[in-house]
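Listing of work.pdb; format and content: PDB, C-alpha atoms.
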```pdb
MODEL        1
ATOM      1  CA  MET A   1     -21.567  51.456  11.459  1.00  0.00           C
ATOM      2  CA  THR A   2     -23.225  54.506   9.997  1.00  0.00           C
ATOM      3  CA  ASN A   3     -23.983  57.965  11.285  1.00  0.00           C
ATOM      4  CA  SER A   4     -27.700  57.282  11.062  1.00  0.00           C
ATOM      5  CA  PRO A   5     -29.598  58.756  14.015  1.00  0.00           C
ATOM      6  CA  TYR A   6     -31.795  55.643  13.974  1.00  0.00           C
ATOM      7  CA  LEU A   7     -28.835  53.413  14.839  1.00  0.00           C
ATOM      8  CA  SER A   8     -27.685  55.584  17.704  1.00  0.00           C
ATOM      9  CA  GLN A   9     -30.989  55.322  19.583  1.00  0.00           C
ATOM     10  CA  PRO A  10     -30.738  53.243  22.766  1.00  0.00           C
ATOM     11  CA  LEU A  11     -32.407  49.863  22.758  1.00  0.00           C
ATOM     12  CA  PRO A  12     -35.184  49.043  25.186  1.00  0.00           C
ATOM     13  CA  ALA A  13     -34.004  47.437  28.419  1.00  0.00           C
ATOM     14  CA  HIS A  14     -36.120  44.282  28.060  1.00  0.00           C
ATOM     15  CA  GLY A  15     -34.349  41.780  25.821  1.00  0.00           C
ATOM     16  CA  ALA A  16     -31.757  44.290  24.708  1.00  0.00           C
ATOM     17  CA  PRO A  17     -28.459  42.811  23.539  1.00  0.00           C
ATOM     18  CA  HIS A  18     -25.301  43.772  25.370  1.00  0.00           C
ATOM     19  CA  GLY A  19     -21.915  44.937  24.154  1.00  0.00           C
ATOM     20  CA  PRO A  20     -21.398  45.517  20.433  1.00  0.00           C
ATOM     21  CA  LEU A  21     -24.923  44.334  19.621  1.00  0.00           C
ATOM     22  CA  ALA A  22     -26.407  47.268  21.499  1.00  0.00           C
ATOM     23  CA  THR A  23     -25.733  49.456  18.444  1.00  0.00           C
ATOM     24  CA  TYR A  24     -28.479  47.712  16.456  1.00  0.00           C
ATOM     25  CA  PRO A  25     -32.054  48.917  16.825  1.00  0.00           C
ATOM     26  CA  ALA A  26     -34.742  46.682  18.266  1.00  0.00           C
ATOM     27  CA  ALA A  27     -36.885  44.823  15.757  1.00  0.00           C
ATOM     28  CA  PRO A  28     -39.789  47.016  14.612  1.00  0.00           C
ATOM     29  CA  PRO A  29     -43.267  45.921  15.666  1.00  0.00           C
ATOM     30  CA  GLN A  30     -45.174  44.104  12.950  1.00  0.00           C
ATOM     31  CA  SER A  31     -48.713  45.051  12.042  1.00  0.00           C
ATOM     32  CA  PRO A  32     -51.317  42.271  12.066  1.00  0.00           C
ATOM     33  CA  PHE A  33     -52.055  42.869   8.379  1.00  0.00           C
ATOM     34  CA  GLY A  34     -49.795  42.597   5.379  1.00  0.00           C
ATOM     35  CA  TYR A  35     -50.096  45.661   3.158  1.00  0.00           C
ATOM     36  CA  GLY A  36     -53.497  46.463   4.573  1.00  0.00           C
ATOM     37  CA  GLN A  37     -55.122  43.184   3.532  1.00  0.00           C
ATOM     38  CA  PRO A  38     -56.740  41.270   6.408  1.00  0.00           C
ATOM     39  CA  GLY A  39     -55.780  37.617   6.657  1.00  0.00           C
ATOM     40  CA  HIS A  40     -52.348  37.958   5.057  1.00  0.00           C
ATOM     41  CA  ALA A  41     -49.149  37.472   7.000  1.00  0.00           C
ATOM     42  CA  PRO A  42     -47.200  40.705   7.370  1.00  0.00           C
ATOM     43  CA  MET A  43     -44.143  41.092   5.203  1.00  0.00           C
ATOM     44  CA  PRO A  44     -41.404  42.173   7.586  1.00  0.00           C
ATOM     45  CA  GLY A  45     -39.184  45.100   6.813  1.00  0.00           C
ATOM     46  CA  CYS A  46     -35.534  45.208   7.790  1.00  0.00           C
ATOM     47  CA  ARG A  47     -35.079  46.144  11.452  1.00  0.00           C
ATOM     48  CA  VAL A  48     -32.245  48.513  10.549  1.00  0.00           C
ATOM     49  CA  CYS A  49     -33.309  50.272   7.370  1.00  0.00           C
ATOM     50  CA  GLY A  50     -36.914  49.195   6.819  1.00  0.00           C
ATOM     51  CA  ALA A  51     -36.210  47.775   3.344  1.00  0.00           C
ATOM     52  CA  GLN A  52     -38.301  44.951   1.942  1.00  0.00           C
ATOM     53  CA  PRO A  53     -38.038  42.075   1.355  1.00  0.00           C
ATOM     54  CA  ALA A  54     -36.328  40.992   4.538  1.00  0.00           C
ATOM     55  CA  GLU A  55     -35.494  37.562   5.933  1.00  0.00           C
ATOM     56  CA  ASN A  56     -36.228  36.774   9.571  1.00  0.00           C
ATOM     57  CA  PHE A  57     -33.147  34.860  10.745  1.00  0.00           C
ATOM     58  CA  THR A  58     -30.835  34.917  13.753  1.00  0.00           C
ATOM     59  CA  VAL A  59     -27.150  35.831  13.431  1.00  0.00           C
ATOM     60  CA  ARG A  60     -24.787  34.654  16.177  1.00  0.00           C
ATOM     61  CA  ALA A  61     -21.420  35.522  17.669  1.00  0.00           C
ATOM     62  CA  HIS A  62     -19.406  33.608  20.237  1.00  0.00           C
ATOM     63  CA  GLN A  63     -16.524  34.417  22.551  1.00  0.00           C
ATOM     64  CA  GLY A  64     -14.573  31.710  24.361  1.00  0.00           C
ATOM     65  CA  LEU A  65     -12.959  32.844  27.587  1.00  0.00           C
ATOM     66  CA  LEU A  66     -10.694  30.144  29.055  1.00  0.00           C
ATOM     67  CA  VAL A  67     -13.326  28.667  31.405  1.00  0.00           C
ATOM     68  CA  VAL A  68     -16.494  30.592  30.483  1.00  0.00           C
ATOM     69  CA  MET A  69     -18.195  31.467  27.226  1.00  0.00           C
ATOM     70  CA  ARG A  70     -20.207  34.416  25.999  1.00  0.00           C
ATOM     71  CA  PHE A  71     -22.979  34.032  23.446  1.00  0.00           C
ATOM     72  CA  GLU A  72     -24.535  36.797  21.378  1.00  0.00           C
ATOM     73  CA  LYS A  73     -27.407  36.662  18.936  1.00  0.00           C
ATOM     74  CA  LEU A  74     -29.311  39.166  16.917  1.00  0.00           C
ATOM     75  CA  ASP A  75     -32.707  38.293  15.514  1.00  0.00           C
ATOM     76  CA  GLY A  76     -33.897  39.656  12.177  1.00  0.00           C
ATOM     77  CA  PRO A  77     -35.614  40.575  10.018  1.00  0.00           C
ATOM     78  CA  PHE A  78     -32.818  41.948   7.867  1.00  0.00           C
ATOM     79  CA  CYS A  79     -32.662  42.977   4.215  1.00  0.00           C
ATOM     80  CA  ARG A  80     -29.896  41.688   1.971  1.00  0.00           C
ATOM     81  CA  THR A  81     -27.432  44.510   2.699  1.00  0.00           C
ATOM     82  CA  CYS A  82     -27.981  44.806   6.456  1.00  0.00           C
ATOM     83  CA  GLY A  83     -28.129  41.030   6.944  1.00  0.00           C
ATOM     84  CA  ARG A  84     -24.832  40.479   5.182  1.00  0.00           C
ATOM     85  CA  ALA A  85     -23.248  43.365   7.113  1.00  0.00           C
ATOM     86  CA  VAL A  86     -24.350  41.896  10.453  1.00  0.00           C
ATOM     87  CA  VAL A  87     -23.171  38.401   9.452  1.00  0.00           C
ATOM     88  CA  ARG A  88     -19.777  39.742   8.396  1.00  0.00           C
ATOM     89  CA  GLN A  89     -19.291  41.698  11.607  1.00  0.00           C
ATOM     90  CA  MET A  90     -20.388  38.905  13.949  1.00  0.00           C
ATOM     91  CA  THR A  91     -18.502  36.201  12.044  1.00  0.00           C
ATOM     92  CA  SER A  92     -15.308  38.276  12.132  1.00  0.00           C
ATOM     93  CA  ARG A  93     -15.714  38.752  15.867  1.00  0.00           C
ATOM     94  CA  THR A  94     -16.289  35.004  16.327  1.00  0.00           C
ATOM     95  CA  LEU A  95     -13.191  34.174  14.270  1.00  0.00           C
ATOM     96  CA  LEU A  96     -11.149  36.490  16.475  1.00  0.00           C
ATOM     97  CA  LEU A  97     -12.559  35.677  19.903  1.00  0.00           C
ATOM     98  CA  GLY A  98     -14.342  32.346  19.593  1.00  0.00           C
ATOM     99  CA  TRP A  99     -11.455  29.921  20.015  1.00  0.00           C
ATOM    100  CA  TRP A 100     -10.142  30.699  23.464  1.00  0.00           C
ATOM    101  CA  SER A 101     -11.736  27.922  25.541  1.00  0.00           C
ATOM    102  CA  PRO A 102     -11.547  24.140  25.012  1.00  0.00           C
ATOM    103  CA  LEU A 103     -15.276  23.633  24.400  1.00  0.00           C
ATOM    104  CA  SER A 104     -15.396  26.664  22.134  1.00  0.00           C
ATOM    105  CA  LEU A 105     -12.505  25.318  20.099  1.00  0.00           C
ATOM    106  CA  VAL A 106     -14.107  21.986  19.247  1.00  0.00           C
ATOM    107  CA  ALA A 107     -17.849  22.616  19.323  1.00  0.00           C
ATOM    108  CA  VAL A 108     -19.341  26.052  19.829  1.00  0.00           C
ATOM    109  CA  THR A 109     -17.282  28.228  17.475  1.00  0.00           C
ATOM    110  CA  PRO A 110     -17.541  25.813  14.513  1.00  0.00           C
ATOM    111  CA  PHE A 111     -21.323  25.622  15.058  1.00  0.00           C
ATOM    112  CA  THR A 112     -21.560  29.413  15.193  1.00  0.00           C
ATOM    113  CA  LEU A 113     -19.553  29.770  11.974  1.00  0.00           C
ATOM    114  CA  VAL A 114     -21.736  27.236  10.139  1.00  0.00           C
ATOM    115  CA  TRP A 115     -24.883  28.972  11.444  1.00  0.00           C
ATOM    116  CA  ASN A 116     -23.641  32.320  10.138  1.00  0.00           C
ATOM    117  CA  LEU A 117     -22.751  30.760   6.790  1.00  0.00           C
ATOM    118  CA  ILE A 118     -26.367  29.614   6.487  1.00  0.00           C
ATOM    119  CA  ALA A 119     -27.527  33.118   7.443  1.00  0.00           C
ATOM    120  CA  HIS A 120     -25.219  34.678   4.837  1.00  0.00           C
ATOM    121  CA  ARG A 121     -26.638  32.409   2.149  1.00  0.00           C
ATOM    122  CA  LYS A 122     -30.219  33.278   3.131  1.00  0.00           C
ATOM    123  CA  PHE A 123     -29.525  37.007   3.026  1.00  0.00           C
ATOM    124  CA  SER A 124     -27.567  36.739  -0.238  1.00  0.00           C
ATOM    125  CA  LYS A 125     -30.578  35.141  -1.954  1.00  0.00           C
ATOM    126  CA  LEU A 126     -32.704  38.220  -1.267  1.00  0.00           C
ATOM    127  CA  PRO A 127     -32.963  40.800  -4.040  1.00  0.00           C
ATOM    128  CA  ALA A 128     -31.252  44.140  -3.531  1.00  0.00           C
ATOM    129  CA  SER A 129     -33.580  46.744  -2.086  1.00  0.00           C
ATOM    130  CA  MET A 130     -33.673  50.395  -1.083  1.00  0.00           C
ATOM    131  CA  PRO A 131     -33.909  51.528   2.546  1.00  0.00           C
ATOM    132  CA  ALA A 132     -37.083  53.187   3.743  1.00  0.00           C
ATOM    133  CA  PRO A 133     -37.126  56.994   3.402  1.00  0.00           C
ATOM    134  CA  GLY A 134     -34.988  58.687   6.047  1.00  0.00           C
ATOM    135  CA  ARG A 135     -33.114  55.491   6.997  1.00  0.00           C
ATOM    136  CA  GLN A 136     -29.796  53.986   5.941  1.00  0.00           C
ATOM    137  CA  SER A 137     -28.713  50.397   5.519  1.00  0.00           C
ATOM    138  CA  LEU A 138     -25.557  49.168   7.221  1.00  0.00           C
ATOM    139  CA  PRO A 139     -22.337  49.233   5.191  1.00  0.00           C
ATOM    140  CA  GLU A 140     -21.394  45.663   4.299  1.00  0.00           C
ATOM    141  CA  GLY A 141     -17.668  46.246   4.439  1.00  0.00           C
ATOM    142  CA  ALA A 142     -15.145  43.759   3.135  1.00  0.00           C
ATOM    143  CA  PRO A 143     -15.969  40.049   2.956  1.00  0.00           C
ATOM    144  CA  VAL A 144     -14.810  38.080   5.987  1.00  0.00           C
ATOM    145  CA  TYR A 145     -11.896  36.450   4.159  1.00  0.00           C
ATOM    146  CA  ARG A 146     -10.528  39.915   3.318  1.00  0.00           C
ATOM    147  CA  ARG A 147     -10.499  41.077   6.932  1.00  0.00           C
ATOM    148  CA  PRO A 148      -7.145  40.562   8.675  1.00  0.00           C
ATOM    149  CA  VAL A 149      -8.857  39.783  11.967  1.00  0.00           C
ATOM    150  CA  ALA A 150     -10.372  36.653  10.413  1.00  0.00           C
ATOM    151  CA  TYR A 151      -6.945  35.056  10.067  1.00  0.00           C
ATOM    152  CA  VAL A 152      -6.596  34.773  13.838  1.00  0.00           C
ATOM    153  CA  ALA A 153      -8.613  31.587  13.296  1.00  0.00           C
ATOM    154  CA  LEU A 154      -5.459  30.031  11.826  1.00  0.00           C
ATOM    155  CA  ILE A 155      -3.919  29.960  15.318  1.00  0.00           C
ATOM    156  CA  PRO A 156      -6.137  27.136  16.617  1.00  0.00           C
ATOM    157  CA  VAL A 157      -5.732  25.270  13.330  1.00  0.00           C
ATOM    158  CA  ALA A 158      -1.940  25.501  13.626  1.00  0.00           C
ATOM    159  CA  TRP A 159      -2.160  24.427  17.270  1.00  0.00           C
ATOM    160  CA  ALA A 160      -4.295  21.383  16.331  1.00  0.00           C
ATOM    161  CA  VAL A 161      -1.844  20.370  13.591  1.00  0.00           C
ATOM    162  CA  TRP A 162       1.046  20.758  16.043  1.00  0.00           C
ATOM    163  CA  ALA A 163      -0.748  18.702  18.728  1.00  0.00           C
ATOM    164  CA  ILE A 164      -1.716  15.888  16.347  1.00  0.00           C
ATOM    165  CA  THR A 165       1.778  15.783  14.854  1.00  0.00           C
ATOM    166  CA  GLY A 166       3.253  15.602  18.356  1.00  0.00           C
ATOM    167  CA  LEU A 167       0.933  12.756  19.327  1.00  0.00           C
ATOM    168  CA  ILE A 168       1.774  10.785  16.197  1.00  0.00           C
ATOM    169  CA  THR A 169       5.552  11.257  16.434  1.00  0.00           C
ATOM    170  CA  HIS A 170       5.712  10.500  20.157  1.00  0.00           C
ATOM    171  CA  ALA A 171       3.325   7.557  20.090  1.00  0.00           C
ATOM    172  CA  GLY A 172       5.977   5.093  18.917  1.00  0.00           C
TER     173      GLY A 172
ENDMDL
END
```

Structure rendered as structure tokens:
Amino acid sequence: MTNSPYLSQPLPAHGAPHGPLATYPAAPPQSPFGYGQPGHAPMPGCRVCGAQPAENFTVRAHQGLLVVMRFEKLDGPFCRTCGRAVVRQMTSRTLLLGWWSPLSLVAVTPFTLVWNLIAHRKFSKLPASMPAPGRQSLPEGAPVYRRPVAYVALIPVAWAVWAITGLITHAG
């Protein structure tokens, strides 16, 4: 993350995410008026850096643990930079930890990865913006495919190929 004092503030207890998500600030309250004009929907600012425009979308992470599963989600709004940073971090974590239960392997982790791909596309369509004064956006870091941890996902793919090959060769 960054050394921003805003990011190190504790989240409120009600509805606060647990684990690695606890480092993100709670979504800022929205005013009932957009830019001071009554009757207009408020334009949300990024929950991390306050930049506008921001897209209100949920980013997910999943961890499969042999017989149980752990789900994480982080609701926006996020600007382009912070949204892509959150997607990259949570997708990398899902690629590393999401495959380790049978249901996670075939259903939950693929769904989570597709969901985050949709989120990445939404955030990438936003124009670049500057953080609000006194705040910093999250560093995006390397794309997911350039992170070594993402290649742990090849283990279940190799296992599936091995299992299918074994079924085919031993079926006769």

Check the smallest atom-to-atom distance from each of A:Leu96, A:Leu105, A:Ala85, A:Ile118 to Phe57 in chain A using only C-alpha atoms, then report the winner. A:Ile118

Pick from A:Arg60, A:Lys73, A:Arg146, A:Arg135 nearest to His120 in chain A, counting only C-alpha atoms: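 Between A:Arg60, A:Lys73, A:Arg146, A:Arg135, the residue approaching His120 in chain A most closely is A:Arg60.
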
Draw an axis-aligned box tight on the listed atoms of range 99-110 of chain A, then pad every side by 4 Å and write out centre and edge lengths in Å to one decimal as JSON.
```
{"center_x": -14.7, "center_y": 26.3, "center_z": 20.0, "size_x": 17.2, "size_y": 16.7, "size_z": 19.0}
```

So what do you get for CA of Thr94 in chain A versus CA of Ile164 in chain A, distance-wise? 24.0 Å

Pick the closest to Leu65 in chain A from A:Gly45, A:Gly98, A:Pro110, A:Pro133: which is it, counting only C-alpha atoms?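 Distance minimum relative to Leu65 in chain A lands on A:Gly98.
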
Which is closest to Arg88 in chain A among A:Ala132, A:Pro53, A:Asn116, A:Thr165, if we use all atoms listed in the file?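 Of the candidates, the smallest distance to Arg88 in chain A is held by A:Asn116.
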